[in-house]
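Structure first, then comments.
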Amino acid sequence: MHSLHRENHLVERIGWLRAAVLGANDGIISTASLVVGVAAAAKSADEVMVAGVAGLVAGAMSMAAGEYVSVSSQSDTEQADMARERRELTEQPEAELDELTQIYVDRGVEPGLARQVAEQMTARDAFAAHSRDELGLAGHTIARPVQAALTSAATFAVGAAVPLAIAVMVPAALISWAVSAGSLICLGLLGAIGARIGGAEVLKPTVRVTFWGAFAMAATWAIGALVGHAV
């Protein structure tokens, strides 16, 4: 007989992984695009750095606020559903037991056995059983607004620091090309790492994030060049 073991499922990482990858991607793409666009229009490296630092701070705060508001809305919905479930378990326990039984039947369990399972799960922790099997809420799927906000802000700042560091290290005339090349390499690596951590195949996510990063930087460079020449 095999000994019991604890499996670490990749889906348990989905909450923080989503916020981390989204934050870092946005940090690199938006700040690199801003730096490239301003460099195409500005006459000094100082102007580029001021714009880049402002973009880092504003972007990190925006990511934190956006994630917090978005995930809080999800959390509010989850809390409302769980409150209603608690109320229904108190007011109509038999109907809830029937509902849980039917859930197991719909999943392929024989009706008599499904009833026994529902009764045992209810006796152990009725609310936990309904939260998981009726509402689909488990520990790794519960919305965590503060965690999402902090993760997004921190990873955005780390990602945004990449194009800024490159801009500091190269001559002003090379900022656009150096930042674009360095940021695309980092985006490709980030896409590959995110795919690896999430258990997905590597090539498609890497190509996807690199392509859209290149598109964003090219678009802002073109607009910056047009505005710079017009002014």
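Convention: chains lettered A, B, ... in structure tokens order; per-chain residue numbering from 1; ligands numbered from 1 as shown.
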Next item on the list: Just the residues within 8 Å of A:Thr206, please, counting only C-alpha atoms, with nothing from its chain fewer than 6 positions along; format it as a ChimeraX atom specification.
Entry: /A:187-192
Next item on the list: Using backbone DSSP assignments, extract all alpha helix (DSSP H) residues from chain A; output them as an NGL selection string.
Entry: :A and (14-41 or 45-91 or 93-106 or 111-133 or 145-169 or 175-198 or 203-230)
Check: Between atom CA of A:Gln102 and atom CA of A:Ser75, what is the distance, to one decimal in Å?
Finding: 27.0 Å
Checklist line | Length of the atom CA of A:Met49 to atom CA of A:Tyr68 vector [Å] | finding: 28.4 Å
Margin query: Ranking A:Ala58, A:Gln116, A:Ala24, A:Pro145 by minimum distance to A:Ser73 and counting only C-alpha atoms, which one comes first?
Written below: A:Pro145
Using only C-alpha atoms, find each residue in stretch 112-221 of chain A having at least one atom no more than 10 Å away from stretch 90-99 of chain A; report its shortest atom-to-atom pair and that distance in Å (one decimal), rows by chain then rising number, as a Markdown table.
| residue | atom | partner | partner_atom | distance |
| --- | --- | --- | --- | --- |
| A:Ala114 | CA | A:Asp98 | CA | 9.9 |
| A:Arg115 | CA | A:Asp98 | CA | 7.9 |
| A:Ala118 | CA | A:Leu97 | CA | 6.5 |
| A:Glu119 | CA | A:Leu97 | CA | 7.1 |
| A:Met121 | CA | A:Leu97 | CA | 9.6 |
| A:Thr122 | CA | A:Leu97 | CA | 7.4 |
| A:Ala126 | CA | A:Leu97 | CA | 8.7 |
| A:His130 | CA | A:Glu96 | CA | 8.4 |
| A:Glu134 | CA | A:Glu99 | CA | 8.5 |
Margin query: Neighbouring residues of A:Thr155 were defined as those with any atom within 9 Å, considering only C-alpha atoms; residues of the same chain fewer than 2 positions away were excluded. Please report them as a VMD selection string.
Written below: chain A and resid 19 to 27 60 150 to 153 157 to 160
Please produce a file of the residues just selected, as a compact mmCIF listing (two decimals), in the first residue's frame, where the atoms kept are all heavy atoms.
# COMPACT_ATOMS: atom_id res chain seq x y z
N ALA A 19 -1.39 37.77 -10.78
CA ALA A 19 -1.07 39.15 -10.42
C ALA A 19 0.40 39.47 -10.67
O ALA A 19 0.73 40.56 -11.14
CB ALA A 19 -1.42 39.39 -8.94
N ALA A 20 1.28 38.51 -10.38
CA ALA A 20 2.71 38.75 -10.55
C ALA A 20 3.08 38.91 -12.02
O ALA A 20 3.80 39.83 -12.40
CB ALA A 20 3.50 37.61 -9.92
N VAL A 21 2.60 38.00 -12.85
CA VAL A 21 2.93 38.05 -14.28
C VAL A 21 2.32 39.29 -14.92
O VAL A 21 2.97 39.99 -15.70
CB VAL A 21 2.44 36.78 -14.99
CG1 VAL A 21 2.59 36.92 -16.50
CG2 VAL A 21 3.24 35.57 -14.50
N LEU A 22 1.07 39.58 -14.58
CA LEU A 22 0.40 40.77 -15.12
C LEU A 22 1.14 42.04 -14.72
O LEU A 22 1.38 42.93 -15.54
CB LEU A 22 -1.05 40.83 -14.63
CG LEU A 22 -1.88 42.02 -15.11
CD1 LEU A 22 -2.03 41.99 -16.62
CD2 LEU A 22 -3.24 42.04 -14.44
N GLY A 23 1.54 42.13 -13.45
CA GLY A 23 2.23 43.32 -12.97
C GLY A 23 3.57 43.52 -13.64
O GLY A 23 3.90 44.61 -14.09
N ALA A 24 4.38 42.45 -13.71
CA ALA A 24 5.70 42.57 -14.32
C ALA A 24 5.60 42.87 -15.81
O ALA A 24 6.36 43.70 -16.35
CB ALA A 24 6.49 41.28 -14.09
N ASN A 25 4.70 42.20 -16.49
CA ASN A 25 4.50 42.47 -17.93
C ASN A 25 4.13 43.93 -18.16
O ASN A 25 4.70 44.60 -19.03
CB ASN A 25 3.38 41.57 -18.48
CG ASN A 25 3.88 40.22 -18.92
OD1 ASN A 25 5.06 40.04 -19.15
ND2 ASN A 25 2.99 39.27 -19.02
N ASP A 26 3.16 44.40 -17.40
CA ASP A 26 2.73 45.79 -17.56
C ASP A 26 3.85 46.76 -17.22
O ASP A 26 4.01 47.81 -17.86
CB ASP A 26 1.52 46.07 -16.68
CG ASP A 26 0.22 45.65 -17.33
OD1 ASP A 26 0.29 45.08 -18.43
OD2 ASP A 26 -0.86 45.91 -16.76
N GLY A 27 4.62 46.41 -16.18
CA GLY A 27 5.72 47.29 -15.79
C GLY A 27 6.74 47.45 -16.90
O GLY A 27 7.17 48.57 -17.21
N ALA A 60 2.57 51.71 -10.89
CA ALA A 60 2.48 50.83 -9.72
C ALA A 60 1.25 51.15 -8.88
O ALA A 60 0.53 50.24 -8.44
CB ALA A 60 3.75 50.94 -8.87
N LEU A 150 -0.89 44.26 -3.64
CA LEU A 150 0.53 44.36 -3.29
C LEU A 150 1.41 43.64 -4.30
O LEU A 150 2.48 44.14 -4.68
CB LEU A 150 0.77 43.79 -1.89
CG LEU A 150 0.14 44.59 -0.73
CD1 LEU A 150 0.39 43.88 0.60
CD2 LEU A 150 0.69 46.01 -0.68
N THR A 151 0.97 42.46 -4.73
CA THR A 151 1.74 41.69 -5.71
C THR A 151 1.86 42.46 -7.02
O THR A 151 2.94 42.55 -7.61
CB THR A 151 1.10 40.32 -5.96
OG1 THR A 151 1.03 39.60 -4.73
CG2 THR A 151 1.91 39.52 -6.97
N SER A 152 0.75 43.01 -7.49
CA SER A 152 0.75 43.74 -8.76
C SER A 152 1.63 44.99 -8.69
O SER A 152 2.40 45.27 -9.61
CB SER A 152 -0.68 44.14 -9.15
OG SER A 152 -1.45 43.01 -9.43
N ALA A 153 1.52 45.74 -7.59
CA ALA A 153 2.32 46.97 -7.45
C ALA A 153 3.81 46.64 -7.39
O ALA A 153 4.63 47.29 -8.06
CB ALA A 153 1.90 47.73 -6.19
N ALA A 157 6.62 47.53 -10.34
CA ALA A 157 7.80 48.36 -10.07
C ALA A 157 9.08 47.65 -10.48
O ALA A 157 9.99 48.26 -11.06
CB ALA A 157 7.84 48.72 -8.59
N VAL A 158 9.15 46.35 -10.20
CA VAL A 158 10.34 45.57 -10.60
C VAL A 158 10.46 45.53 -12.12
O VAL A 158 11.55 45.74 -12.68
CB VAL A 158 10.27 44.14 -10.03
CG1 VAL A 158 11.38 43.27 -10.62
CG2 VAL A 158 10.39 44.18 -8.51
N GLY A 159 9.34 45.28 -12.79
CA GLY A 159 9.36 45.25 -14.25
C GLY A 159 9.72 46.61 -14.84
O GLY A 159 10.52 46.70 -15.78
N ALA A 160 9.16 47.67 -14.27
CA ALA A 160 9.42 49.02 -14.79
C ALA A 160 10.87 49.44 -14.57
O ALA A 160 11.40 50.27 -15.32
CB ALA A 160 8.48 50.01 -14.11
Next item on the list: Would you kindly return, as number ranges by chain, each protein, DNA or RNA residue with an atom no farther than 10 Å from any atom of A:Thr31, considering only C-alpha atoms and excluding same-chain residues fewer than 5 positions away?
Entry: A: 25-26, 36-37, 51-56, 59, 156-157, 159-164, 179, 183, 217
Selection export as a PDB file, in the first residue's frame, atoms kept: C-alpha atoms:
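For reference, part_31.pdb as written:
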ATOM      1  CA  ASN A  25       4.496  42.466 -17.925  1.00  0.00           C
ATOM      2  CA  ASP A  26       2.733  45.790 -17.565  1.00  0.00           C
ATOM      3  CA  VAL A  36      10.935  54.855 -26.082  1.00  0.00           C
ATOM      4  CA  GLY A  37       8.170  57.281 -27.010  1.00  0.00           C
ATOM      5  CA  ALA A  51       8.989  60.533 -17.626  1.00  0.00           C
ATOM      6  CA  GLY A  52      10.131  56.971 -16.908  1.00  0.00           C
ATOM      7  CA  VAL A  53      10.227  57.385 -13.135  1.00  0.00           C
ATOM      8  CA  ALA A  54       6.846  59.117 -13.162  1.00  0.00           C
ATOM      9  CA  GLY A  55       5.493  56.229 -15.226  1.00  0.00           C
ATOM     10  CA  LEU A  56       6.869  53.685 -12.747  1.00  0.00           C
ATOM     11  CA  GLY A  59       1.778  52.649 -12.983  1.00  0.00           C
ATOM     12  CA  PHE A 156       5.064  46.331 -11.777  1.00  0.00           C
ATOM     13  CA  ALA A 157       7.796  48.358 -10.067  1.00  0.00           C
ATOM     14  CA  GLY A 159       9.365  45.252 -14.248  1.00  0.00           C
ATOM     15  CA  ALA A 160       9.420  49.015 -14.787  1.00  0.00           C
ATOM     16  CA  ALA A 161      12.909  49.230 -13.284  1.00  0.00           C
ATOM     17  CA  VAL A 162      14.294  47.185 -16.193  1.00  0.00           C
ATOM     18  CA  PRO A 163      13.859  49.761 -18.997  1.00  0.00           C
ATOM     19  CA  LEU A 164      14.856  52.569 -16.632  1.00  0.00           C
ATOM     20  CA  VAL A 179      15.501  49.857 -24.149  1.00  0.00           C
ATOM     21  CA  SER A 183      12.875  44.944 -22.658  1.00  0.00           C
ATOM     22  CA  MET A 217       6.938  50.015 -28.188  1.00  0.00           C
TER      23      MET A 217
END
Margin query: Ranking A:Ala167, A:Leu174, A:Leu184, A:Val109 by minimum distance to A:Val48 and counting only C-alpha atoms, which one comes first?
Written below: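 Closest to A:Val48 of all the choices is A:Ala167.
When only C-alpha atoms are used to compute distances to A:Ala218, the closest of the residues A:Ala200, A:Val50, A:Ala40, A:Ala148 turns out to be A:Ala40.
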Item checked: All residues 12 Å or closer to A:Ala219, only C-alpha atoms, same chain fewer than 6 positions away omitted, as a PyMOL selection string -> chain A and resi 29-30+32-34+36-38+40+180+212-213+225-226
Note to self: If I take atom CA of A:Val71 and atom CA of A:Ala128, how far is one from the other in Å, to one decimal?
What the structure shows: 21.8 Å
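Residue nearest A:Thr210 within the list A:Ile28, A:Arg124, A:Asp46, A:Trp177: A:Ile28 [criterion: smallest interatomic distance, only C-alpha atoms].
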